[in-house]
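S.K.: Got a file for you: target_11.cif, mmCIF, C-alpha atoms.
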```cif
data_work
loop_
_atom_site.group_PDB
_atom_site.id
_atom_site.type_symbol
_atom_site.label_atom_id
_atom_site.label_comp_id
_atom_site.auth_asym_id
_atom_site.auth_seq_id
_atom_site.Cartn_x
_atom_site.Cartn_y
_atom_site.Cartn_z
ATOM 1 C CA MET A 1 -1.976 -96.493 237.037
ATOM 2 C CA LYS A 2 -3.334 -99.999 237.028
ATOM 3 C CA PRO A 3 -3.504 -101.742 233.658
ATOM 4 C CA LYS A 4 -6.964 -102.406 232.386
ATOM 5 C CA SER A 5 -8.098 -105.924 232.868
ATOM 6 C CA VAL A 6 -8.874 -107.773 229.680
ATOM 7 C CA ALA A 7 -11.834 -110.109 229.721
ATOM 8 C CA PRO A 8 -10.928 -113.629 228.632
ATOM 9 C CA ARG A 9 -11.809 -114.318 225.030
ATOM 10 C CA LYS A 10 -14.722 -116.650 224.645
ATOM 11 C CA VAL A 11 -13.865 -119.689 222.599
ATOM 12 C CA ARG A 12 -16.697 -121.230 220.663
ATOM 13 C CA PRO A 13 -16.982 -124.884 221.604
ATOM 14 C CA GLU A 14 -16.139 -127.151 218.707
ATOM 15 C CA ILE A 15 -19.081 -129.103 217.347
ATOM 16 C CA LYS A 16 -18.670 -132.782 218.017
ATOM 17 C CA VAL A 17 -17.882 -134.842 214.946
ATOM 18 C CA GLU A 18 -20.992 -136.993 215.225
ATOM 19 C CA LYS A 19 -23.217 -133.888 215.205
ATOM 20 C CA ARG A 20 -21.735 -132.212 212.141
ATOM 21 C CA PRO A 21 -23.825 -132.113 208.923
ATOM 22 C CA ASP A 22 -22.921 -134.590 206.210
ATOM 23 C CA PRO A 23 -21.163 -132.115 203.857
ATOM 24 C CA GLU A 24 -18.813 -131.069 206.663
ATOM 25 C CA LEU A 25 -18.089 -134.693 207.510
ATOM 26 C CA VAL A 26 -17.314 -135.400 203.871
ATOM 27 C CA LYS A 27 -14.813 -132.536 203.751
ATOM 28 C CA ALA A 28 -13.233 -133.701 206.995
ATOM 29 C CA ALA A 29 -13.012 -137.265 205.724
ATOM 30 C CA LEU A 30 -11.361 -136.113 202.512
ATOM 31 C CA ALA A 31 -8.882 -134.199 204.674
ATOM 32 C CA GLY A 32 -7.956 -137.455 206.388
ATOM 33 C CA SER A 33 -10.231 -137.555 209.434
ATOM 34 C CA GLN A 34 -10.944 -141.163 210.356
ATOM 35 C CA SER A 35 -13.525 -140.056 212.914
ATOM 36 C CA ALA A 36 -15.465 -138.343 210.095
ATOM 37 C CA TYR A 37 -15.554 -141.599 208.140
ATOM 38 C CA GLN A 38 -16.781 -143.425 211.216
ATOM 39 C CA ALA A 39 -19.444 -140.785 211.839
ATOM 40 C CA LEU A 40 -20.786 -141.108 208.284
ATOM 41 C CA LEU A 41 -20.811 -144.888 208.574
ATOM 42 C CA LYS A 42 -22.572 -144.877 211.919
ATOM 43 C CA ARG A 43 -25.137 -142.321 210.770
ATOM 44 C CA HIS A 44 -26.199 -144.048 207.549
ATOM 45 C CA GLN A 45 -25.431 -147.768 207.802
ATOM 46 C CA LYS A 46 -28.794 -148.755 209.309
ATOM 47 C CA GLN A 47 -30.782 -146.957 206.618
ATOM 48 C CA ILE A 48 -28.580 -148.383 203.841
ATOM 49 C CA PHE A 49 -29.020 -151.876 205.257
ATOM 50 C CA GLU A 50 -32.807 -151.451 205.142
ATOM 51 C CA VAL A 51 -32.659 -150.325 201.503
ATOM 52 C CA VAL A 52 -30.385 -153.163 200.415
ATOM 53 C CA ASN A 53 -32.242 -155.802 202.415
ATOM 54 C CA ARG A 54 -35.526 -154.819 200.767
ATOM 55 C CA LEU A 55 -33.888 -155.370 197.390
ATOM 56 C CA VAL A 56 -32.009 -158.637 197.876
ATOM 57 C CA ARG A 57 -34.262 -160.100 200.594
ATOM 58 C CA ASN A 58 -31.383 -161.819 202.305
ATOM 59 C CA ARG A 59 -29.897 -160.380 205.491
ATOM 60 C CA GLU A 60 -26.472 -161.998 205.125
ATOM 61 C CA GLU A 61 -26.125 -160.809 201.527
ATOM 62 C CA ALA A 62 -27.416 -157.389 202.579
ATOM 63 C CA ARG A 63 -24.683 -157.058 205.223
ATOM 64 C CA ASP A 64 -22.004 -157.789 202.628
ATOM 65 C CA LEU A 65 -23.569 -155.318 200.207
ATOM 66 C CA VAL A 66 -23.710 -152.595 202.864
ATOM 67 C CA GLN A 67 -19.975 -153.044 203.380
ATOM 68 C CA GLU A 68 -19.422 -152.925 199.620
ATOM 69 C CA THR A 69 -21.573 -149.798 199.372
ATOM 70 C CA PHE A 70 -19.524 -147.887 201.920
ATOM 71 C CA MET A 71 -16.243 -149.079 200.433
ATOM 72 C CA LYS A 72 -17.300 -147.723 197.035
ATOM 73 C CA ALA A 73 -18.737 -144.545 198.535
ATOM 74 C CA PHE A 74 -15.641 -143.740 200.575
ATOM 75 C CA GLY A 75 -13.458 -144.602 197.596
ATOM 76 C CA SER A 76 -15.272 -142.052 195.427
ATOM 77 C CA LEU A 77 -16.083 -139.490 198.124
ATOM 78 C CA ALA A 78 -14.429 -136.728 196.126
ATOM 79 C CA THR A 79 -17.188 -137.044 193.489
ATOM 80 C CA TYR A 80 -19.941 -136.167 195.957
ATOM 81 C CA ARG A 81 -21.551 -132.775 195.293
ATOM 82 C CA GLU A 82 -23.075 -130.780 198.128
ATOM 83 C CA GLU A 83 -26.166 -129.728 196.169
ATOM 84 C CA TYR A 84 -27.433 -133.293 196.618
ATOM 85 C CA ARG A 85 -28.298 -134.918 199.902
ATOM 86 C CA PHE A 86 -25.546 -137.300 200.958
ATOM 87 C CA SER A 87 -28.136 -139.961 201.811
ATOM 88 C CA THR A 88 -29.546 -139.799 198.267
ATOM 89 C CA TRP A 89 -26.052 -140.144 196.779
ATOM 90 C CA LEU A 90 -25.370 -143.081 199.102
ATOM 91 C CA ASN A 91 -28.709 -144.716 198.274
ATOM 92 C CA ARG A 92 -27.828 -144.619 194.589
ATOM 93 C CA ILE A 93 -24.545 -146.427 195.214
ATOM 94 C CA ALA A 94 -26.351 -149.009 197.362
ATOM 95 C CA ALA A 95 -28.949 -149.526 194.640
ATOM 96 C CA ASN A 96 -26.258 -150.040 191.999
ATOM 97 C CA CYS A 97 -24.430 -152.557 194.205
ATOM 98 C CA SER A 98 -27.701 -154.424 194.733
ATOM 99 C CA ILE A 99 -28.496 -154.414 191.022
ATOM 100 C CA ASP A 100 -25.085 -155.805 190.164
ATOM 101 C CA HIS A 101 -25.583 -158.494 192.800
ATOM 102 C CA ILE A 102 -29.016 -159.416 191.462
ATOM 103 C CA ARG A 103 -27.682 -159.607 187.911
ATOM 104 C CA LYS A 104 -24.960 -162.049 188.958
ATOM 105 C CA LYS A 105 -27.531 -164.409 190.394
ATOM 106 C CA LYS A 106 -29.659 -166.608 188.203
ATOM 107 C CA ILE A 107 -32.523 -164.508 186.857
ATOM 108 C CA GLU A 108 -35.700 -166.476 186.323
ATOM 109 C CA ALA A 109 -38.181 -165.638 183.594
ATOM 110 C CA LEU A 110 -39.398 -162.123 184.243
ATOM 111 C CA SER A 111 -42.987 -160.981 183.991
ATOM 112 C CA LEU A 112 -42.826 -157.964 181.737
ATOM 113 C CA ASP A 113 -46.475 -157.812 180.759
ATOM 114 C CA GLN A 114 -47.563 -155.546 183.622
ATOM 115 C CA PRO A 115 -48.871 -152.325 182.076
ATOM 116 C CA VAL A 116 -47.149 -149.051 182.818
ATOM 117 C CA ALA A 117 -49.266 -145.936 182.855
ATOM 118 C CA THR A 118 -48.292 -143.105 180.532
ATOM 119 C CA GLU A 119 -49.982 -139.796 179.885
ATOM 120 C CA ASP A 120 -51.889 -141.185 176.899
ATOM 121 C CA SER A 121 -52.268 -144.909 177.513
ATOM 122 C CA GLN A 122 -50.867 -148.051 179.068
ATOM 123 C CA VAL A 123 -48.065 -149.986 177.435
ATOM 124 C CA THR A 124 -47.201 -153.658 177.860
ATOM 125 C CA LEU A 125 -44.263 -155.675 176.678
ATOM 126 C CA GLU A 126 -45.365 -158.662 174.650
ATOM 127 C CA VAL A 127 -43.175 -161.737 175.056
ATOM 128 C CA PRO A 128 -43.373 -164.279 172.222
ATOM 129 C CA ASP A 129 -45.707 -167.219 172.883
ATOM 130 C CA TRP A 130 -44.001 -170.427 171.750
ATOM 131 C CA SER A 131 -46.379 -172.856 173.495
ATOM 132 C CA THR A 132 -47.429 -174.594 170.257
ATOM 133 C CA ASN A 133 -43.863 -175.193 169.143
ATOM 134 C CA PRO A 134 -42.539 -178.769 169.577
ATOM 135 C CA GLU A 135 -39.335 -177.264 170.937
ATOM 136 C CA ALA A 136 -41.257 -175.068 173.355
ATOM 137 C CA GLU A 137 -39.214 -175.931 176.431
ATOM 138 C CA TRP A 138 -35.900 -175.143 174.745
ATOM 139 C CA VAL A 139 -37.235 -171.968 173.161
ATOM 140 C CA GLU A 140 -38.760 -170.844 176.446
ATOM 141 C CA LYS A 141 -35.372 -171.181 178.112
ATOM 142 C CA GLN A 142 -33.722 -169.289 175.282
ATOM 143 C CA THR A 143 -36.364 -166.577 175.544
ATOM 144 C CA SER A 144 -35.637 -166.189 179.263
ATOM 145 C CA LEU A 145 -31.912 -165.929 178.575
ATOM 146 C CA THR A 146 -32.570 -163.452 175.789
ATOM 147 C CA ILE A 147 -34.662 -161.273 178.099
ATOM 148 C CA GLN A 148 -31.865 -161.344 180.659
ATOM 149 C CA GLU A 149 -29.276 -160.396 178.041
ATOM 150 C CA ALA A 150 -31.544 -157.654 176.696
ATOM 151 C CA ILE A 151 -32.007 -156.181 180.172
ATOM 152 C CA ASP A 152 -28.272 -156.353 180.838
ATOM 153 C CA SER A 153 -27.639 -154.403 177.639
ATOM 154 C CA LEU A 154 -29.954 -151.535 178.594
ATOM 155 C CA PRO A 155 -28.475 -148.219 179.755
ATOM 156 C CA ARG A 156 -28.155 -148.168 183.534
ATOM 157 C CA ASP A 157 -31.057 -145.769 184.155
ATOM 158 C CA TYR A 158 -33.459 -148.066 182.310
ATOM 159 C CA ARG A 159 -31.931 -151.330 183.523
ATOM 160 C CA GLU A 160 -32.248 -150.524 187.203
ATOM 161 C CA VAL A 161 -35.923 -149.488 187.105
ATOM 162 C CA ILE A 162 -36.853 -152.546 185.015
ATOM 163 C CA LEU A 163 -35.144 -154.855 187.531
ATOM 164 C CA PHE A 164 -36.681 -153.072 190.508
ATOM 165 C CA ARG A 165 -40.151 -153.170 188.956
ATOM 166 C CA HIS A 166 -40.237 -156.661 187.462
ATOM 167 C CA LYS A 167 -37.624 -158.669 189.317
ATOM 168 C CA GLU A 168 -38.028 -157.164 192.765
ATOM 169 C CA GLU A 169 -41.688 -156.133 192.295
ATOM 170 C CA LYS A 170 -41.169 -152.690 193.769
ATOM 171 C CA SER A 171 -43.845 -150.023 193.477
ATOM 172 C CA TYR A 172 -43.179 -146.815 191.578
ATOM 173 C CA GLN A 173 -43.045 -144.975 194.899
ATOM 174 C CA GLU A 174 -40.495 -147.416 196.352
ATOM 175 C CA ILE A 175 -38.269 -147.155 193.284
ATOM 176 C CA ALA A 176 -38.461 -143.375 193.403
ATOM 177 C CA ALA A 177 -37.454 -143.358 197.082
ATOM 178 C CA ILE A 178 -34.537 -145.739 196.511
ATOM 179 C CA LEU A 179 -33.146 -143.824 193.544
ATOM 180 C CA GLY A 180 -34.019 -140.360 194.804
ATOM 181 C CA ILE A 181 -35.961 -139.396 191.677
ATOM 182 C CA PRO A 182 -39.598 -138.347 191.031
ATOM 183 C CA VAL A 183 -42.243 -141.026 190.461
ATOM 184 C CA GLY A 184 -42.901 -139.547 187.010
ATOM 185 C CA THR A 185 -39.262 -140.118 186.085
ATOM 186 C CA VAL A 186 -39.534 -143.729 187.228
ATOM 187 C CA LYS A 187 -42.571 -144.294 184.997
ATOM 188 C CA ALA A 188 -40.892 -142.605 182.044
ATOM 189 C CA ARG A 189 -37.775 -144.740 182.383
ATOM 190 C CA ILE A 190 -39.791 -147.949 182.691
ATOM 191 C CA PHE A 191 -41.761 -146.982 179.594
ATOM 192 C CA ARG A 192 -38.600 -146.251 177.621
ATOM 193 C CA GLY A 193 -36.873 -149.370 178.924
ATOM 194 C CA ARG A 194 -39.775 -151.552 177.842
ATOM 195 C CA GLU A 195 -39.796 -149.980 174.410
ATOM 196 C CA LEU A 196 -36.112 -150.826 174.004
ATOM 197 C CA LEU A 197 -36.704 -154.374 175.236
ATOM 198 C CA LYS A 198 -39.591 -154.845 172.807
ATOM 199 C CA LYS A 199 -37.351 -153.916 169.894
ATOM 200 C CA LYS A 200 -34.614 -156.312 171.017
ATOM 201 C CA LEU A 201 -37.081 -159.191 171.484
ATOM 202 C CA LYS A 202 -38.754 -158.554 168.132
ATOM 203 C CA LEU A 203 -35.380 -158.789 166.426
ATOM 204 C CA TRP A 204 -34.660 -162.021 168.256
ATOM 205 C CA ARG A 205 -38.060 -163.487 167.350
ATOM 206 C CA LYS A 206 -37.680 -162.475 163.695
ATOM 207 C CA LYS A 207 -34.272 -164.142 163.602
ATOM 208 C CA HIS A 208 -35.594 -167.430 164.981
ATOM 209 C CA GLU A 209 -38.782 -167.447 162.932
ATOM 210 C CA GLY A 210 -36.728 -166.842 159.794
#
```
Take the structure in the file and give it back as structure tokens.
M.R.:
Amino acid sequence: MKPKSVAPRKVRPEIKVEKRPDPELVKAALAGSQSAYQALLKRHQKQIFEVVNRLVRNREEARDLVQETFMKAFGSLATYREEYRFSTWLNRIAANCSIDHIRKKKIEALSLDQPVATEDSQVTLEVPDWSTNPEAEWVEKQTSLTIQEAIDSLPRDYREVILFRHKEEKSYQEIAAILGIPVGTVKARIFRGRELLKKKLKLWRKKHEG
């Protein structure tokens, strides 16, 4: 009696690394796969460069910041959670790197009097007018430095939207896309950030008027 022939077992072809979804690449990278790291870098570096370049407006600085972004991202890859899109998580790191870079550079006097729409009204941040003071030039410089210090002291969520809106002149929609949050959240954070800045500047003005 002849033995029954056994059909060869079909082996599912392995999905190429570059075609795997981001969460799988993250797991593979954490397991030590260098090709997974390279795949993530290749897939997202162009988009991250575009985000960073729009913020810093300098291609050479943007290239350095893209490298810094991926170094920080890969160094904290274990903190990534799959319920969020990897690109959104990466955009947030890129935005934070750009903000830190912008803060290190000399910040000129910011225009904070643009109104922000709320459900009930529009709110503006009033900066003290010292134009009639004989020491106007010195006070103006101090006011600019005070604004910078006040912004630096804000919680990160408020600081980043204030810088994007008033330093980088981004629209609400652009800020929302960069940070991966709703436009309404952007407006709420700008409103709250301005309120905090107003309090800090009023205290500073009261101190110098006294």
S.K.: Quick one: pull the distance between atom CA of A:Gln38 and atom CA of A:Asp22, Å, one decimal.
M.R.: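 Distance reported for this atom pair: 11.9 Å.
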S.K.: Please compute the atom CA of A:Phe86-atom CA of A:Val26 distance, one decimal, in Å.
M.R.: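 Between atom CA of A:Phe86 and atom CA of A:Val26 the gap is 8.9 Å.
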S.K.: What gap, in Å, lies between atom CA of A:Arg194 and atom CA of A:Ser98?
M.R.: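 A separation of 21.0 Å between them.
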S.K.: Written as a PyMOL selection string, what is the full residue list that the PyMOL selection byres ((chain A and resi 161) around 8) yields on the file shown?
M.R.: chain A and resi 157-160+162-165+175+186+189-190
S.K.: Which residues come within 9 Å of A:Leu90, counting only C-alpha atoms, excluding same-chain residues fewer than 6 positions away, as a list in words?
M.R.: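 Near A:Leu90, the qualifying residues are His44, Ile48, Thr69, Phe70 and Ala73 of chain A.
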S.K.: Compile the contact shell of A:Arg43 as a PyMOL selection string: residues with an atom at most 10 Å away, counting only C-alpha atoms, same-chain residues fewer than 6 positions apart removed.
M.R.: chain A and resi 18-19+22+37+87
S.K.: From the options A:Leu201, A:Leu77, A:Ala28, A:Val51, which residue's atoms come nearest to A:Lys170, counting only C-alpha atoms?
M.R.: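 The shortest atom-to-atom distance to A:Lys170 comes from A:Val51.
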S.K.: Let me make sure I understand: among A:Leu203, A:Ala94, A:Ala78, A:Leu197, which one has the smallest atom-to-atom distance to A:Leu30 if we use only C-alpha atoms?
M.R.: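 Nearest candidate to A:Leu30 out of A:Leu203, A:Ala94, A:Ala78, A:Leu197: A:Ala78.
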S.K.: Could you check which of A:Gly75, A:Arg54, A:Thr88, A:Phe49 is closest to A:Ala29, using all atoms listed in the file?
M.R.: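 Ranking A:Gly75, A:Arg54, A:Thr88, A:Phe49 by distance to A:Ala29, first place goes to A:Gly75.
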S.K.: Pick out the residues sitting within 10 Å of A:Leu196, and hand them over as a VMD selection string; count all atoms listed in the file, and ignore anything fewer than 2 positions along from it in its own chain.
M.R.: chain A and resid 125 150 to 151 153 to 155 158 190 to 194 198 to 201
S.K.: Starting from the PyMOL selection byres ((chain A and resi 180) around 8), expand the selection into actual residues of this file and give them as an MDAnalysis selection string.
M.R.: chainID A and resid 88 91:92 176:179 181:182
